[in-house]
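Report on the structure given below.
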Amino acid sequence: MPIASFYIQRDIMKLDKVQITQFRNLTSVSFSPSPSLTVIVGANGSGKSSLIEALYYLGFGRSFRTNKHSAVIQNEKDNFSVFASCKDELGEALKLGFQRNRNDSFTCSINGEHSNKLSDLVSLVPLQLFTPQSTDLIIGSPSERRRFCDWGLFHVEHDFQTLANQYTKFLKHRNALLKQQASLTAPQNTYWEEKFAELGESLTSIRVSYIDKLTPLFKVYAEEFLPNFNVELSYYKGWEKDVSLSESLVKKREYDGKIGHTSSGPHKADLRLKVNGVNAQELLSRGQLRMAVAALQMSQTKLFNSATQRKSIFLLDDVGAELDADKREQFIDGLLKMDTQVFVTAIESSQLAFIQKYNEKKMFHVEHGSVKEE
Ligand SMILES: Nc1ncnc2c1ncn2[C@@H]1O[C@H](COP(=O)(O)OP(=O)(O)OP(=O)(O)O)[C@@H](O)[C@H]1O
């Protein structure tokens, strides 16, 4: 039986012990985070972001800083590993692990059972990240925003990943036909386009219904974080309005043939954010863009909680950068109110003076790759 189906009901709640080995400058680190707020403080280069990056591997199987897995493996070592123990919703212990080797192979483990299917692990660890670079969600390419929606769908809709994988397979096949300049209307090829259109429409309807649920939640957070702006979220499905995907594909066949790939479909979709009627990046300051990202992520957290009855994990790296004290507090307050397990890094604890008010917190100090509880 595949591990994922065995563990399908075994949703994790909170990480209660973390062990990181040979990850950047973290040779061997072990700590027990708070189920609520964990604060990690340390000087530049001490290893704070590395610790966040290692946790991120449990939720995504990759880094948010580099595409080269070998860059995070400690110099002169052959692999790194991250282990975490947590309780599932029945209160039973669950042990999760991820190991990546220099030869690029990796292993996920769930209660000692090994798997090389990443989704087995990451489906158990609903995790979001906020860093100073998170403004890419708004100013970056549409793929960033599709990834954002798809994170929610992956964790909320059981069939989403299978559908998305099938769609990608048919997209690749249609693109291959276009590159070979094959006739898409030839009897042996029509199946591919028809099926591609059908999958594309299904993927779109699942995304549209997700965005419909997200939008009212986002409105509430946007009013809180960007009170002086009129913020609107809309979804571009990836082809022209008022026609079906199949009609759009027919219309663009010649054009697609020239460019050698498919120009219509949910792989071209986008989530658009307008502020006072113009694109958000044209009007908002960097700090305000970050607040818009925070509002998007908070609404995603809220939707995740209500759709699954589960709680998620939130990593906030370098929270002092370009978020003023009030906004930091508002952000962390909001996440903790939703019973999210929050990890925050800062260079100095004075950047987080407001955390005194939280009872259930733990503070750690990172120095030259070692972590001590304060
Ligand atoms: N593969 C590696 N092996 C060993 N050390 C590494 C590796 N990659 C990076 N480092 C070192 O790990 C240290 C920790 O970096 P990290 O980015 O975690 O620091 P940080 O505490 O977040 O600092 P800042 O506040 O400047 O962002 C750095 O000194 C870096 O040079």
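Lettering and numbering for the structure tokens are positional, with chains as A, B, ... in the shown order, residues counted from 1 in each chain, and ligands counted from 1 in the shown order.
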
**Request:** Write out as JSON, numbers by chain which residues come within 12 Å of His114 (chain A) when counting only C-alpha atoms, dropping same-chain ones fewer than 2 positions away.
**Result:** {"A": [2, 3, 4, 95, 96, 97, 98, 99, 106, 107, 108, 109, 110, 111, 112, 116, 117, 118, 120, 121]}

**Request:** Please identify every polymer residue within 6 Å of ligand 1, using only C-alpha atoms and all ligand atoms, and present the set as an NGL selection string.
**Result:** :A and (24-25 or 42-50 or 71-75 or 347)

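Take the candidates A:Asn101, A:Ser70, A:Asn175, A:Thr27 and check each one against Lys258 (chain A) using only C-alpha atoms; the shortest distance goes to A:Asn175.
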
**Request:** Using only C-alpha atoms, pick whichever of A:Asp256, A:Asp324, A:Asp136, A:Glu198 has the shortest atom-to-atom distance to Val293 (chain A).
**Result:**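 Result for the nearest residue to Val293 (chain A): A:Asp136.
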
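A straight line drawn from CA of Asp333 (chain A) to CA of Asn228 (chain A) is 20.6 Å long.
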
**Asked** Just how far from CA of Leu129 (chain A) is CA of Val344 (chain A), in Å to one decimal?
**Response**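 Going from CA of Val344 (chain A) over to CA of Leu129 (chain A), I get 10.1 Å.
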
**Request:** For each of A:Leu233, A:Val275, A:Ala325, A:Met13, take the minimum atom-to-atom distance to Ile355 (chain A), counting only C-alpha atoms, then give the residue where this is smallest.
**Result:**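 Among the listed residues, the smallest separation from Ile355 (chain A) belongs to A:Ala325.
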
**Request:** Tell me, as a ChimeraX atom specification, which residues lie within 10 Å of Phe225 (chain A), counting only C-alpha atoms; anything in the same chain fewer than 6 positions away does not count.
**Result:** /A:219,288,290-295,327,330-331

**Request:** Taking the chain letters and numbering used in this document, name the residues of region 116-187 of chain A that DSSP puts in strand (DSSP E or B), as a list in words.
**Result:**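 Restricting region 116-187 of chain A to strand (DSSP E or B) produces Leu127, Gln128, Leu129 and Phe130 of chain A.
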
Excluding Leu217 (chain A) and its own-chain neighbours fewer than 2 positions away, which residues fall within 9 Å of it when counting only C-alpha atoms? Please give them as an mmCIF file with C-alpha atoms, in the first residue's frame.
```cif
data_model
loop_
_atom_site.group_PDB
_atom_site.id
_atom_site.type_symbol
_atom_site.label_atom_id
_atom_site.label_comp_id
_atom_site.auth_asym_id
_atom_site.auth_seq_id
_atom_site.Cartn_x
_atom_site.Cartn_y
_atom_site.Cartn_z
ATOM 1 C CA LYS A 213 -13.600 30.947 -1.512
ATOM 2 C CA LEU A 214 -10.306 32.761 -0.947
ATOM 3 C CA THR A 215 -11.464 36.184 -2.193
ATOM 4 C CA LYS A 219 -10.871 41.115 1.474
ATOM 5 C CA VAL A 220 -11.069 41.007 5.261
ATOM 6 C CA TYR A 221 -7.282 40.716 5.718
ATOM 7 C CA ALA A 222 -6.568 43.316 3.029
ATOM 8 C CA ALA A 295 -2.971 39.196 3.628
ATOM 9 C CA LEU A 296 -2.898 36.582 0.851
ATOM 10 C CA MET A 298 -3.391 34.725 6.026
ATOM 11 C CA SER A 299 -6.455 34.147 3.871
ATOM 12 C CA GLN A 300 -4.899 30.953 2.538
ATOM 13 C CA LYS A 302 -7.810 30.574 7.134
ATOM 14 C CA LEU A 303 -9.213 28.706 4.152
#
```

**Asked** Which value, in Å to one decimal, gives the distance between CA of Lys77 (chain A) and CA of Ala54 (chain A)?
**Response** 15.8 Å

**Asked** Excluding same-chain residues fewer than 6 positions from Ser85 (chain A), what lies within 6 Å of it counting only C-alpha atoms, as a ChimeraX atom specification?
**Response** /A:15-17,94-95
